[in-house]
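This report concerns only the one structure given below.
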Amino acid sequence: GTQTLTNKSIAATQLTGTVSTSQIADDAVTLAKMAPGTDGNIISYDASGNPVAVATGSAGQVLTSAGAGAPPTFAAAGGGIENITTYRITSHFTMTQNADITANWSTGGASLGTAISESSGIFTFPQTGFYMIESQLFLQRLQGDSDYVGIVISATTNNSSYATIFQNYTNIDDITDEYNYVYGSTVFDVTDVSNCKVKLAYNSENASNIRVVGNSTMDRSFIRFIRLGAT
(Lines give C-alpha, C1' and ligand atoms only; values in the text may rest on other atoms or scores of the structure.)
Protein backbone atom coordinates (compact mmCIF):
# COMPACT_ATOMS: atom_id res chain seq x y z
CA GLY A 1 0.00 0.00 0.00
CA THR A 2 0.90 3.65 0.06
CA GLN A 3 2.96 4.90 2.98
CA THR A 4 3.14 8.50 4.10
CA LEU A 5 6.44 9.68 5.55
CA THR A 6 6.13 12.46 8.08
CA ASN A 7 9.12 14.15 9.73
CA LYS A 8 11.43 11.31 8.72
CA SER A 9 14.98 11.69 7.38
CA ILE A 10 15.91 9.43 4.47
CA ALA A 11 19.48 9.13 3.24
CA ALA A 12 20.10 9.10 -0.51
CA THR A 13 21.22 5.46 -0.24
CA GLN A 14 17.82 4.49 1.17
CA LEU A 15 15.92 5.70 -1.92
CA THR A 16 15.60 2.70 -4.21
CA GLY A 17 12.51 3.78 -6.16
CA THR A 18 11.63 6.80 -8.23
CA VAL A 19 10.10 9.95 -6.82
CA SER A 20 7.90 11.54 -9.45
CA THR A 21 7.72 15.28 -9.94
CA SER A 22 4.10 15.31 -8.77
CA GLN A 23 5.18 13.87 -5.42
CA ILE A 24 7.42 16.88 -4.70
CA ALA A 25 5.57 19.91 -3.42
CA ASP A 26 6.29 23.28 -4.98
CA ASP A 27 9.14 25.11 -3.18
CA ALA A 28 9.90 21.94 -1.19
CA VAL A 29 13.58 21.67 -2.28
CA THR A 30 15.54 24.35 -0.42
CA LEU A 31 19.09 25.55 -0.99
CA ALA A 32 20.11 23.61 2.09
CA LYS A 33 19.06 20.36 0.35
CA MET A 34 21.27 20.96 -2.70
CA ALA A 35 24.68 19.32 -2.99
CA PRO A 36 27.65 21.57 -2.14
CA GLY A 37 29.36 23.37 -5.04
CA THR A 38 32.20 25.79 -5.68
CA ASP A 39 31.97 29.39 -4.55
CA GLY A 40 31.11 31.61 -7.54
CA ASN A 41 29.83 28.80 -9.80
CA ILE A 42 26.38 29.14 -11.31
CA ILE A 43 24.07 26.43 -12.63
CA SER A 44 23.26 26.19 -16.33
CA TYR A 45 22.38 23.37 -18.77
CA ASP A 46 24.58 21.59 -21.31
CA ALA A 47 23.70 20.65 -24.90
CA SER A 48 21.88 17.54 -23.66
CA GLY A 49 19.74 19.56 -21.27
CA ASN A 50 21.51 18.30 -18.18
CA PRO A 51 22.46 20.61 -15.30
CA VAL A 52 26.06 21.83 -15.43
CA ALA A 53 28.14 24.16 -13.26
CA VAL A 54 29.61 27.24 -14.98
CA ALA A 55 33.12 27.78 -13.61
CA THR A 56 33.77 30.87 -11.51
CA GLY A 57 35.22 33.79 -13.48
CA SER A 58 37.74 36.41 -12.44
CA ALA A 59 36.97 39.73 -10.78
CA GLY A 60 35.49 42.19 -13.26
CA GLN A 61 34.43 39.56 -15.81
CA VAL A 62 30.85 39.23 -17.03
CA LEU A 63 28.76 36.21 -17.98
CA THR A 64 28.82 35.81 -21.76
CA SER A 65 26.62 33.63 -23.94
CA ALA A 66 28.41 30.92 -25.92
CA GLY A 67 25.45 30.55 -28.27
CA ALA A 68 23.04 27.68 -28.70
CA GLY A 69 24.21 24.27 -27.54
CA ALA A 70 26.78 25.45 -25.01
CA PRO A 71 26.69 26.84 -21.48
CA PRO A 72 27.74 30.48 -20.93
CA THR A 73 31.20 31.43 -19.73
CA PHE A 74 32.75 34.30 -17.82
CA ALA A 75 34.77 36.68 -19.99
CA ALA A 76 36.20 40.19 -19.92
CA ALA A 77 33.59 42.90 -20.30
CA GLY A 78 33.45 44.25 -23.84
CA GLY A 79 32.51 47.64 -25.21
CA GLY A 80 35.73 49.52 -24.46
CA ILE A 81 39.24 49.89 -25.85
CA GLU A 82 41.04 46.58 -25.26
CA ASN A 83 44.41 47.06 -26.93
CA ILE A 84 46.86 49.95 -27.33
CA THR A 85 50.40 49.39 -28.58
CA THR A 86 52.92 52.05 -29.64
CA TYR A 87 56.19 51.36 -31.43
CA ARG A 88 58.74 54.18 -31.49
CA ILE A 89 61.67 54.60 -33.87
CA THR A 90 64.50 54.79 -31.37
CA SER A 91 67.42 56.02 -33.53
CA HIS A 92 67.84 58.69 -36.20
CA PHE A 93 68.33 57.60 -39.81
CA THR A 94 68.78 59.44 -43.09
CA MET A 95 66.19 58.73 -45.74
CA THR A 96 66.88 57.22 -49.10
CA GLN A 97 64.13 57.92 -51.64
CA ASN A 98 61.65 55.13 -50.88
CA ALA A 99 61.93 52.36 -48.30
CA ASP A 100 60.14 50.30 -45.69
CA ILE A 101 61.17 51.08 -42.11
CA THR A 102 62.50 47.73 -40.94
CA ALA A 103 64.74 48.50 -37.93
CA ASN A 104 65.08 50.45 -34.67
CA TRP A 105 61.53 49.76 -33.48
CA SER A 106 60.78 49.51 -29.77
CA THR A 107 57.55 49.60 -27.76
CA GLY A 108 57.02 52.64 -25.54
CA GLY A 109 54.47 54.76 -23.75
CA ALA A 110 51.11 53.64 -22.40
CA SER A 111 49.97 50.17 -23.43
CA LEU A 112 46.89 48.01 -22.94
CA GLY A 113 46.25 44.31 -23.57
CA THR A 114 48.44 41.92 -25.53
CA ALA A 115 50.98 43.87 -27.58
CA ILE A 116 51.11 43.86 -31.36
CA SER A 117 54.34 42.08 -32.31
CA GLU A 118 57.00 43.35 -34.70
CA SER A 119 59.64 41.59 -36.80
CA SER A 120 61.79 43.45 -39.37
CA GLY A 121 59.13 46.15 -39.60
CA ILE A 122 56.19 43.78 -40.08
CA PHE A 123 53.48 44.23 -37.44
CA THR A 124 51.31 41.24 -36.45
CA PHE A 125 48.07 41.45 -34.48
CA PRO A 126 47.23 39.32 -31.40
CA GLN A 127 43.48 39.18 -32.14
CA THR A 128 41.03 40.03 -34.87
CA GLY A 129 39.13 43.31 -34.87
CA PHE A 130 39.02 46.84 -36.22
CA TYR A 131 42.25 48.70 -35.43
CA MET A 132 42.96 52.39 -35.73
CA ILE A 133 46.54 52.82 -36.93
CA GLU A 134 48.23 56.19 -36.61
CA SER A 135 51.80 57.08 -37.45
CA GLN A 136 54.11 60.07 -37.52
CA LEU A 137 57.60 60.78 -38.83
CA PHE A 138 59.45 63.70 -37.23
CA LEU A 139 61.75 65.20 -39.88
CA GLN A 140 64.97 67.24 -39.94
CA ARG A 141 66.51 68.81 -43.05
CA LEU A 142 70.20 68.05 -43.49
CA GLN A 143 71.07 69.55 -46.89
CA GLY A 144 69.85 70.21 -50.43
CA ASP A 145 66.74 71.78 -51.94
CA SER A 146 63.19 71.74 -50.65
CA ASP A 147 61.77 68.25 -50.51
CA TYR A 148 58.43 66.52 -50.26
CA VAL A 149 58.27 63.59 -47.85
CA GLY A 150 55.51 61.00 -47.63
CA ILE A 151 54.37 58.48 -45.06
CA VAL A 152 52.85 55.20 -46.26
CA ILE A 153 50.93 52.56 -44.31
CA SER A 154 50.60 49.30 -46.22
CA ALA A 155 48.70 46.13 -45.30
CA THR A 156 48.33 42.55 -46.43
CA THR A 157 45.35 40.23 -45.99
CA ASN A 158 47.11 37.15 -47.37
CA ASN A 159 50.50 37.42 -45.61
CA SER A 160 52.10 38.09 -48.98
CA SER A 161 51.05 40.99 -51.18
CA TYR A 162 50.86 44.48 -49.63
CA ALA A 163 48.70 47.39 -50.73
CA THR A 164 48.73 51.01 -49.55
CA ILE A 165 45.87 51.77 -47.13
CA PHE A 166 47.06 55.28 -46.19
CA GLN A 167 49.40 57.89 -47.65
CA ASN A 168 50.15 61.51 -46.74
CA TYR A 169 52.79 64.07 -47.72
CA THR A 170 54.42 67.21 -46.41
CA ASN A 171 57.11 69.61 -47.61
CA ILE A 172 60.25 70.67 -45.77
CA ASP A 173 61.95 73.91 -46.81
CA ASP A 174 65.53 74.39 -47.91
CA ILE A 175 66.75 75.61 -44.54
CA THR A 176 69.44 73.71 -42.66
CA ASP A 177 68.06 72.06 -39.53
CA GLU A 178 64.50 72.94 -40.53
CA TYR A 179 62.06 70.59 -38.74
CA ASN A 180 58.66 69.33 -39.81
CA TYR A 181 56.52 66.21 -39.46
CA VAL A 182 54.17 64.07 -41.51
CA TYR A 183 51.27 62.28 -39.83
CA GLY A 184 48.41 60.01 -40.80
CA SER A 185 45.83 57.55 -39.48
CA THR A 186 43.52 54.90 -40.89
CA VAL A 187 41.40 51.92 -39.79
CA PHE A 188 42.29 48.33 -40.71
CA ASP A 189 39.95 45.34 -40.40
CA VAL A 190 41.97 42.38 -39.09
CA THR A 191 39.93 39.31 -39.99
CA ASP A 192 42.76 36.75 -39.68
CA VAL A 193 45.77 37.21 -37.42
CA SER A 194 47.93 34.90 -39.55
CA ASN A 195 47.33 36.77 -42.80
CA CYS A 196 46.50 40.39 -41.90
CA LYS A 197 49.66 42.41 -41.23
CA VAL A 198 50.92 45.99 -41.59
CA LYS A 199 54.16 47.81 -42.36
CA LEU A 200 55.31 51.44 -42.50
CA ALA A 201 57.28 53.08 -45.32
CA TYR A 202 58.27 56.54 -46.52
CA ASN A 203 58.74 58.39 -49.81
CA SER A 204 61.35 61.14 -50.17
CA GLU A 205 61.96 63.38 -53.16
CA ASN A 206 65.74 63.12 -52.85
CA ALA A 207 68.09 60.73 -51.11
CA SER A 208 70.28 61.88 -48.17
CA ASN A 209 68.53 65.24 -47.63
CA ILE A 210 66.15 64.37 -44.79
CA ARG A 211 66.64 62.69 -41.43
CA VAL A 212 63.94 60.82 -39.52
CA VAL A 213 64.40 61.79 -35.88
CA GLY A 214 64.14 58.89 -33.47
CA ASN A 215 63.49 58.90 -29.74
CA SER A 216 62.78 56.06 -27.30
CA THR A 217 61.27 58.17 -24.50
CA MET A 218 58.62 60.19 -26.38
CA ASP A 219 56.39 59.92 -29.45
CA ARG A 220 58.39 61.61 -32.19
CA SER A 221 58.52 59.02 -34.97
CA PHE A 222 56.11 56.21 -34.19
CA ILE A 223 53.28 53.91 -35.19
CA ARG A 224 50.35 53.24 -32.83
CA PHE A 225 47.67 50.55 -32.90
CA ILE A 226 44.34 50.91 -31.06
CA ARG A 227 41.78 48.09 -31.22
CA LEU A 228 38.35 49.69 -31.56
CA GLY A 229 36.17 46.58 -31.46
CA ALA A 230 35.40 43.18 -32.90
CA THR A 231 35.42 42.63 -36.65
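To be explicit about the labels: the chains of the C-alpha coordinates are called A, B, and onward in the order shown, and within each one the residues are counted from 1, while ligands get numbers from 1 in the order they are shown.
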
Notebook entry, point to check: Within 12 Å of A:Ser65, counting only C-alpha atoms, which residues qualify if same-chain residues fewer than 3 places away don't, as a ChimeraX atom specification?
Noted result: /A:44,54,62,68-75

Residues of stretch 145-171 of chain A within 12 Å of stretch 79-95 of chain A: nearest atom pair and distance (Å, one decimal) for each, counting only C-alpha atoms, sorted by chain and number, as JSON lines?
```
{"residue": "A:Asp147", "atom": "CA", "partner": "A:Met95", "partner_atom": "CA", "distance": 11.5}
{"residue": "A:Tyr148", "atom": "CA", "partner": "A:Met95", "partner_atom": "CA", "distance": 11.9}
{"residue": "A:Val149", "atom": "CA", "partner": "A:Met95", "partner_atom": "CA", "distance": 9.5}
{"residue": "A:Gly150", "atom": "CA", "partner": "A:Met95", "partner_atom": "CA", "distance": 11.1}
{"residue": "A:Ile151", "atom": "CA", "partner": "A:Met95", "partner_atom": "CA", "distance": 11.8}
```

Let me see the file: selected residues, all heavy atoms, as a JSON list (two decimals), in the first residue's frame.
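Result file follows (result.json):
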```json
[["chain", "number", "residue", "atom", "x", "y", "z"],
["A", 147, "ASP", "N", 62.16, 69.62, -50.21],
["A", 147, "ASP", "CA", 61.77, 68.25, -50.51],
["A", 147, "ASP", "C", 60.36, 67.99, -50.05],
["A", 147, "ASP", "O", 59.89, 68.53, -49.06],
["A", 147, "ASP", "CB", 62.69, 67.26, -49.77],
["A", 147, "ASP", "CG", 64.04, 67.09, -50.43],
["A", 147, "ASP", "OD1", 64.95, 67.89, -50.14],
["A", 147, "ASP", "OD2", 64.17, 66.16, -51.23],
["A", 148, "TYR", "N", 59.66, 67.10, -50.79],
["A", 148, "TYR", "CA", 58.43, 66.52, -50.26],
["A", 148, "TYR", "C", 58.79, 65.18, -49.61],
["A", 148, "TYR", "O", 59.72, 64.49, -50.04],
["A", 148, "TYR", "CB", 57.36, 66.33, -51.35],
["A", 148, "TYR", "CG", 57.67, 65.27, -52.38],
["A", 148, "TYR", "CD1", 57.52, 63.90, -52.09],
["A", 148, "TYR", "CD2", 58.10, 65.62, -53.66],
["A", 148, "TYR", "CE1", 57.80, 62.93, -53.02],
["A", 148, "TYR", "CE2", 58.38, 64.65, -54.60],
["A", 148, "TYR", "CZ", 58.22, 63.30, -54.28],
["A", 148, "TYR", "OH", 58.50, 62.34, -55.21],
["A", 149, "VAL", "N", 58.06, 64.85, -48.56],
["A", 149, "VAL", "CA", 58.27, 63.59, -47.85],
["A", 149, "VAL", "C", 56.91, 62.98, -47.58],
["A", 149, "VAL", "O", 55.98, 63.68, -47.14],
["A", 149, "VAL", "CB", 59.02, 63.80, -46.51],
["A", 149, "VAL", "CG1", 59.17, 62.47, -45.78],
["A", 149, "VAL", "CG2", 60.37, 64.43, -46.76],
["A", 150, "GLY", "N", 56.78, 61.69, -47.84],
["A", 150, "GLY", "CA", 55.51, 61.00, -47.63],
["A", 150, "GLY", "C", 55.61, 59.88, -46.62],
["A", 150, "GLY", "O", 56.68, 59.29, -46.42],
["A", 151, "ILE", "N", 54.49, 59.61, -45.98],
["A", 151, "ILE", "CA", 54.37, 58.48, -45.06],
["A", 151, "ILE", "C", 53.36, 57.50, -45.66],
["A", 151, "ILE", "O", 52.31, 57.93, -46.18],
["A", 151, "ILE", "CB", 53.95, 58.95, -43.65],
["A", 151, "ILE", "CG1", 54.04, 57.82, -42.64],
["A", 151, "ILE", "CG2", 52.56, 59.55, -43.65],
["A", 151, "ILE", "CD1", 53.88, 58.30, -41.20]]
```

Checklist line | Distance query A:Ile153 at most 12 Å, only C-alpha atoms, self and fewer than 4 positions along chain excluded, as a ChimeraX atom specification | finding: /A:99-101,121-123,132-137,162-168,183-188,197-203,222-224

Note to self: So the first atom is atom CA of A:Pro126 and the second is atom CA of A:Gly109; what is the distance between them in Å, to one decimal place?
What the structure shows: 18.7 Å

Next item on the list: Please provide as an NGL selection string all residues within 10 Å of A:Asn159, with the sequence filter that same-chain residues fewer than 2 positions apart are discarded (counting only C-alpha atoms).
Entry: :A and (124 or 155-157 or 161-162 or 192-198)

Margin query: If DSSP is run on the backbone, what residues of stretch 42-169 of chain A are strand (DSSP E)? A reply as a ChimeraX atom specification would be ideal.
Written below: /A:42-45,51-54,61-64,73-76,83-89,93-94,98-100,105-107,117-119,122-124,129-141,147-156,163-169

Next item on the list: Considering only C-alpha atoms, state which residue in the set A:Thr128, A:Leu139, A:Thr170, A:Trp105 is at the smallest distance from A:Ser216.
Entry: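 Closest to A:Ser216, using only C-alpha atoms: A:Trp105.
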